[in-house]
$ cat target19.csv   # CSV, C-alpha atoms
chain,number,residue,atom,x,y,z
R,1,GLU,CA,146.4,89.9,81.7
R,2,ALA,CA,144.7,86.8,83.1
R,3,GLU,CA,147.0,84.3,84.8
R,4,VAL,CA,147.0,80.8,86.1
R,5,ALA,CA,146.9,80.9,89.9
R,6,GLN,CA,148.5,78.3,92.2
R,7,SER,CA,148.9,77.8,95.9
R,8,PRO,CA,150.8,77.4,98.0
R,9,ARG,CA,154.0,78.6,96.4
R,10,TYR,CA,156.1,76.6,98.7
R,11,LYS,CA,155.4,73.6,100.8
R,12,ILE,CA,157.7,71.7,103.2
R,13,THR,CA,156.4,68.4,104.6
R,14,GLU,CA,157.7,65.2,106.2
R,15,LYS,CA,157.6,61.9,104.4
R,16,SER,CA,154.4,59.9,104.9
R,17,GLN,CA,152.3,63.1,105.3
R,18,ALA,CA,149.6,64.2,103.0
R,19,VAL,CA,149.9,67.4,100.8
R,20,ALA,CA,147.6,69.1,98.5
R,21,PHE,CA,148.1,71.8,95.8
R,22,TRP,CA,145.5,74.0,94.3
R,23,CYS,CA,145.2,75.5,90.8
R,24,ASP,CA,142.8,78.0,89.3
R,25,PRO,CA,143.2,78.2,85.5
R,26,ILE,CA,142.6,81.2,83.3
R,27,SER,CA,138.9,81.9,83.0
R,28,GLY,CA,137.3,80.0,80.1
R,29,HIS,CA,140.1,77.5,79.6
R,30,ALA,CA,138.6,74.1,79.5
R,31,THR,CA,141.8,72.1,79.5
R,32,LEU,CA,143.9,71.9,82.6
R,33,TYR,CA,147.3,70.2,83.1
R,34,TRP,CA,149.4,69.2,86.1
R,35,TYR,CA,153.1,68.7,85.5
R,36,ARG,CA,156.0,67.7,87.8
R,37,GLN,CA,159.4,69.3,87.2
R,38,ILE,CA,162.3,67.8,88.9
R,39,LEU,CA,165.2,70.2,89.5
R,40,GLY,CA,167.3,70.5,86.4
R,41,GLN,CA,164.8,68.8,84.1
R,42,GLY,CA,161.9,69.8,81.9
R,43,PRO,CA,158.3,69.4,83.1
R,44,GLU,CA,156.6,66.0,82.7
R,45,LEU,CA,152.8,65.6,82.4
R,46,LEU,CA,151.0,64.0,85.3
R,47,VAL,CA,147.4,64.5,84.4
R,48,GLN,CA,145.3,66.3,81.8
R,49,PHE,CA,141.6,67.4,82.3
R,50,GLN,CA,139.1,68.5,79.8
R,51,ASP,CA,136.4,70.3,81.8
R,52,GLU,CA,135.9,67.9,84.7
R,53,SER,CA,137.0,64.7,83.0
R,54,VAL,CA,140.4,63.2,83.1
R,55,VAL,CA,141.8,62.9,79.5
R,56,ASP,CA,145.2,61.4,80.4
R,57,ASP,CA,146.6,60.2,83.7
R,58,SER,CA,148.9,57.6,82.4
R,59,GLN,CA,151.9,59.1,84.1
R,60,LEU,CA,150.2,59.7,87.4
R,61,PRO,CA,151.4,57.4,90.2
R,62,LYS,CA,147.9,56.4,91.2
R,63,ASP,CA,148.9,54.6,94.4
R,64,ARG,CA,149.8,57.9,96.0
R,65,PHE,CA,148.7,60.7,93.7
R,66,SER,CA,145.1,61.9,93.0
R,67,ALA,CA,143.7,64.8,91.1
R,68,GLU,CA,140.3,66.2,90.7
R,69,ARG,CA,138.5,69.0,89.0
R,70,LEU,CA,135.0,68.6,90.3
R,71,LYS,CA,133.2,71.6,88.7
R,72,GLY,CA,135.5,71.8,85.7
R,73,VAL,CA,137.2,75.0,86.9
R,74,ASP,CA,139.8,74.8,89.7
R,75,SER,CA,141.7,71.7,90.5
R,76,THR,CA,143.5,70.0,93.4
R,77,LEU,CA,146.4,67.6,93.2
R,78,LYS,CA,147.0,65.5,96.3
R,79,ILE,CA,149.9,63.3,97.4
R,80,GLN,CA,149.4,60.8,100.2
R,81,PRO,CA,151.7,59.6,101.5
R,82,ALA,CA,154.5,61.9,100.4
R,83,GLU,CA,157.9,60.3,99.7
R,84,LEU,CA,161.4,61.9,99.5
R,85,GLY,CA,161.4,61.5,95.7
R,86,ASP,CA,158.3,63.7,95.4
R,87,SER,CA,160.4,66.8,96.1
R,88,ALA,CA,159.9,68.9,92.9
R,89,MET,CA,158.1,71.8,91.4
R,90,TYR,CA,154.5,71.1,90.6
R,91,LEU,CA,153.2,73.2,87.7
R,92,CYS,CA,149.7,73.8,86.6
R,93,ALA,CA,148.8,74.9,83.1
R,94,SER,CA,145.7,75.7,81.2
R,95,SER,CA,144.8,76.1,77.5
R,96,ILE,CA,142.2,77.0,75.0
R,97,GLN,CA,142.1,76.2,71.4
R,98,GLY,CA,143.3,79.1,69.3
R,99,LEU,CA,141.5,80.5,66.3
R,100,ASP,CA,143.9,78.5,64.1
R,101,SER,CA,143.0,75.3,66.1
R,102,GLN,CA,146.4,75.3,67.7
R,103,GLU,CA,146.8,75.0,71.4
R,104,THR,CA,149.0,77.1,73.7
R,105,GLN,CA,149.5,76.2,77.3
R,106,TYR,CA,149.8,78.9,79.9
R,107,PHE,CA,151.6,78.1,83.2
R,108,GLY,CA,151.1,79.1,86.7
R,109,PRO,CA,154.0,80.1,89.1
R,110,GLY,CA,154.2,76.5,90.5
R,111,THR,CA,154.3,75.0,93.9
R,112,ARG,CA,157.8,73.9,95.1
R,113,LEU,CA,157.5,70.9,97.4
R,114,LEU,CA,160.2,69.7,99.7
R,115,VAL,CA,159.8,66.4,101.4
R,116,LEU,CA,162.0,65.8,104.5
S,1,GLY,CA,156.8,59.0,70.2
S,2,ASN,CA,157.4,62.7,70.2
S,3,SER,CA,160.6,64.0,71.8
S,4,VAL,CA,162.7,67.1,72.0
S,5,THR,CA,166.5,67.4,72.3
S,6,GLN,CA,168.1,70.7,73.5
S,7,MET,CA,171.7,71.7,73.5
S,8,GLU,CA,173.1,71.2,77.0
S,9,GLY,CA,174.0,74.2,79.0
S,10,PRO,CA,174.9,76.1,80.8
S,11,VAL,CA,175.5,78.9,78.3
S,12,THR,CA,177.4,82.0,79.5
S,13,LEU,CA,177.5,85.1,77.3
S,14,SER,CA,178.5,88.7,77.6
S,15,GLU,CA,175.9,91.4,77.2
S,16,GLU,CA,175.1,92.2,73.5
S,17,ALA,CA,176.5,88.8,72.3
S,18,PHE,CA,174.6,86.7,69.8
S,19,LEU,CA,172.6,83.8,71.2
S,20,THR,CA,171.7,80.4,69.6
S,21,ILE,CA,170.1,77.6,71.6
S,22,ASN,CA,169.7,74.5,69.5
S,23,CYS,CA,166.6,72.4,69.6
S,24,THR,CA,165.7,69.4,67.5
S,25,TYR,CA,162.7,67.2,67.6
S,26,THR,CA,161.2,63.9,66.6
S,27,ALA,CA,157.5,63.8,66.0
S,28,THR,CA,154.7,62.1,64.2
S,29,GLY,CA,152.4,64.5,62.4
S,30,TYR,CA,152.9,68.2,62.6
S,31,PRO,CA,152.9,69.4,66.1
S,32,SER,CA,153.3,73.0,67.2
S,33,LEU,CA,156.7,74.0,68.5
S,34,PHE,CA,157.3,76.3,71.5
S,35,TRP,CA,160.0,78.1,73.5
S,36,TYR,CA,159.3,78.7,77.1
S,37,VAL,CA,161.4,80.7,79.6
S,38,GLN,CA,161.7,80.1,83.3
S,39,TYR,CA,163.1,82.6,85.7
S,40,PRO,CA,164.4,81.5,89.1
S,41,GLY,CA,161.6,80.2,91.4
S,42,GLU,CA,158.9,80.9,88.8
S,43,GLY,CA,156.7,78.9,86.4
S,44,LEU,CA,157.2,78.8,82.6
S,45,GLN,CA,156.3,81.7,80.5
S,46,LEU,CA,155.5,81.3,76.8
S,47,LEU,CA,158.2,83.1,74.8
S,48,LEU,CA,157.2,82.2,71.2
S,49,LYS,CA,155.6,79.5,69.1
S,50,ALA,CA,155.3,78.2,65.6
S,51,THR,CA,152.4,76.1,64.4
S,52,LYS,CA,153.5,74.8,60.9
S,53,ALA,CA,156.6,74.4,58.8
S,54,ASP,CA,158.5,77.5,57.9
S,55,ASP,CA,156.6,79.6,60.4
S,56,LYS,CA,158.8,82.0,62.4
S,57,GLY,CA,157.9,82.8,65.9
S,58,SER,CA,159.2,86.0,67.5
S,59,ASN,CA,159.0,87.9,70.7
S,60,LYS,CA,161.1,90.4,72.7
S,61,GLY,CA,163.9,90.1,70.1
S,62,PHE,CA,164.0,86.3,70.2
S,63,GLU,CA,163.2,84.3,67.0
S,64,ALA,CA,162.9,80.6,66.0
S,65,THR,CA,161.9,79.1,62.7
S,66,TYR,CA,160.1,75.7,62.4
S,67,ARG,CA,162.3,73.8,60.0
S,68,LYS,CA,160.7,70.6,58.9
S,69,GLU,CA,163.6,69.5,56.7
S,70,THR,CA,166.1,69.6,59.6
S,71,THR,CA,163.5,68.9,62.3
S,72,SER,CA,164.8,71.9,64.2
S,73,PHE,CA,163.5,75.0,66.1
S,74,HIS,CA,166.6,76.8,67.2
S,75,LEU,CA,166.2,79.9,69.4
S,76,GLU,CA,168.2,83.0,68.4
S,77,LYS,CA,168.6,86.6,69.6
S,78,GLY,CA,170.9,89.1,68.1
S,79,SER,CA,171.9,91.0,71.3
S,80,VAL,CA,171.3,89.5,74.7
S,81,GLN,CA,170.8,91.4,77.9
S,82,VAL,CA,171.5,90.6,81.5
S,83,SER,CA,167.7,90.4,82.0
S,84,ASP,CA,167.6,87.4,79.6
S,85,SER,CA,169.4,85.2,82.1
S,86,ALA,CA,167.0,82.3,82.7
S,87,VAL,CA,166.4,78.7,81.7
S,88,TYR,CA,164.9,78.2,78.2
S,89,PHE,CA,162.8,75.1,77.3
S,90,CYS,CA,162.0,73.9,73.8
S,91,ALA,CA,158.7,72.0,73.6
S,92,LEU,CA,156.4,70.4,71.1
S,93,GLY,CA,153.0,69.0,71.2
S,94,ARG,CA,149.3,69.4,70.7
S,95,GLY,CA,148.0,68.9,74.2
S,96,ASP,CA,150.5,66.2,75.2
S,97,MET,CA,153.5,68.4,75.5
S,98,ARG,CA,157.0,67.2,75.4
S,99,PHE,CA,159.7,69.4,76.9
S,100,GLY,CA,163.5,69.4,76.5
S,101,ALA,CA,165.7,69.3,79.5
S,102,GLY,CA,166.2,73.1,79.5
S,103,THR,CA,169.2,75.3,78.8
S,104,ARG,CA,170.4,77.7,81.4
S,105,LEU,CA,171.6,81.0,80.0
S,106,THR,CA,173.7,83.5,82.0
S,107,VAL,CA,174.4,86.9,80.6
S,108,LYS,CA,177.2,88.9,82.2
S,109,PRO,CA,177.5,92.7,82.0
$ encode --input "target19.csv" --output "structure tokens"
Amino acid sequence: EAEVAQSPRYKITEKSQAVAFWCDPISGHATLYWYRQILGQGPELLVQFQDESVVDDSQLPKDRFSAERLKGVDSTLKIQPAELGDSAMYLCASSIQGLDSQETQYFGPGTRLLVL
Amino acid sequence: GNSVTQMEGPVTLSEEAFLTINCTYTATGYPSLFWYVQYPGEGLQLLLKATKADDKGSNKGFEATYRKETTSFHLEKGSVQVSDSAVYFCALGRGDMRFGAGTRLTVKP
């Protein structure tokens, strides 16, 4: 069964350093999402792509976060500089419209970030 | 805007007990409803979904019915197992997903 791939699985960094996360969606899924999940909470959307275009980045802290999906396939999320409050799980999801026009998102295993 | 409210956990049950995790929602239009499960250190796995009112989603013995009149999507399982221990998230949306805070379930042998 096809899966969403993410790397690295774990990342420890010091504050003010730069970090980057990578996501490879399920083949053929045009829509890609990045979520942040703080411990003990549900995921919150950071950015949504449709192919290579950003559809929604209203919750992305653009002063330090950036995301790209240059060829409309895999994607990179970057944080520079990292802050202590960025410690969280970063989840990538992808989706395709179902035959009934409903959408289901499939999640990768996540990258757990710890900022020291 | 759309939002989801889940019953707070943690929930601790004995093996073979009946499970209910409550979920209510506020939404404009008719979004799809989902239950996701998250095991320790892993991402979210889709457990079941329902796309319109009165639909029942089911998977691995879990069920949930999309109730428009009570704006609810409660998760149920007749007999839980130790392997069901995880965090369960209710979610709604059509692209712009909204998740509940999650309910941690622990099943003891």
$ interface_residues --input "target19.csv" --of "chain S" --to "chain R" --cutoff "7 Å" --atoms "all atoms listed in the file" --output "compact mmCIF listing (two decimals) with C-alpha atoms, in the frame of the given file"
# COMPACT_ATOMS: atom_id res chain seq x y z
CA GLU S 42 158.90 80.90 88.80
CA GLY S 43 156.70 78.90 86.40
CA LEU S 44 157.20 78.80 82.60
CA GLN S 45 156.30 81.70 80.50
CA LEU S 46 155.50 81.30 76.80
CA THR S 51 152.40 76.10 64.40
CA ARG S 94 149.30 69.40 70.70
CA GLY S 95 148.00 68.90 74.20
CA PHE S 99 159.70 69.40 76.90
CA GLY S 100 163.50 69.40 76.50
CA ALA S 101 165.70 69.30 79.50
CA GLY S 102 166.20 73.10 79.50
$ residues_near_point --input "target19.csv" --point "(159.4, 70.9, 102.6)" --cutoff "8 Å" --atoms "only C-alpha atoms" --output "list in words"
Tyr10, Lys11, Ile12, Thr13, Glu14, Ser87, Leu113, Leu114, Val115 and Leu116 of chain R
$ closest_residue --input "target19.csv" --among "S:His74, S:Lys108, S:Arg67, S:Arg98" --to "S:Leu48" --atoms "all atoms listed in the file"
S:His74
$ atom_distance --input "target19.csv" --atom1 "atom CA of R:Trp34" --atom2 "atom CA of S:Glu63"
28.0 Å
$ atom_distance --input "target19.csv" --atom1 "atom CA of S:Ser32" --atom2 "atom CA of R:Val55"
19.6 Å
$ atom_distance --input "target19.csv" --atom1 "atom CA of R:Ile79" --atom2 "atom CA of R:Phe65"
4.7 Å
$ closest_residue --input "target19.csv" --among "R:Lys62, R:Lys71, R:Lys78, R:His29" --to "R:Ser94" --atoms "all atoms listed in the file"
R:His29
$ residues_near_point --input "target19.csv" --point "(158.9, 58.6, 101.0)" --cutoff "8 Å" --atoms "only C-alpha atoms" --output "list in words"
Lys15, Ser16, Pro81, Ala82, Glu83, Leu84, Gly85, Asp86 and Val115 of chain R
$ residues_around --input "target19.csv" --residues "S:Thr71" --least-positions-apart "3" --cutoff "8 Å" --atoms "all atoms listed in the file" --output "list in words"
Thr24, Tyr25, Thr26, Tyr66, Arg67 and Lys68 of chain S
$ residues_around --input "target19.csv" --residues "R:Glu52" --least-positions-apart "3" --cutoff "6 Å" --atoms "only C-alpha atoms" --output "MDAnalysis selection string"
chainID R and resid 69:70 72
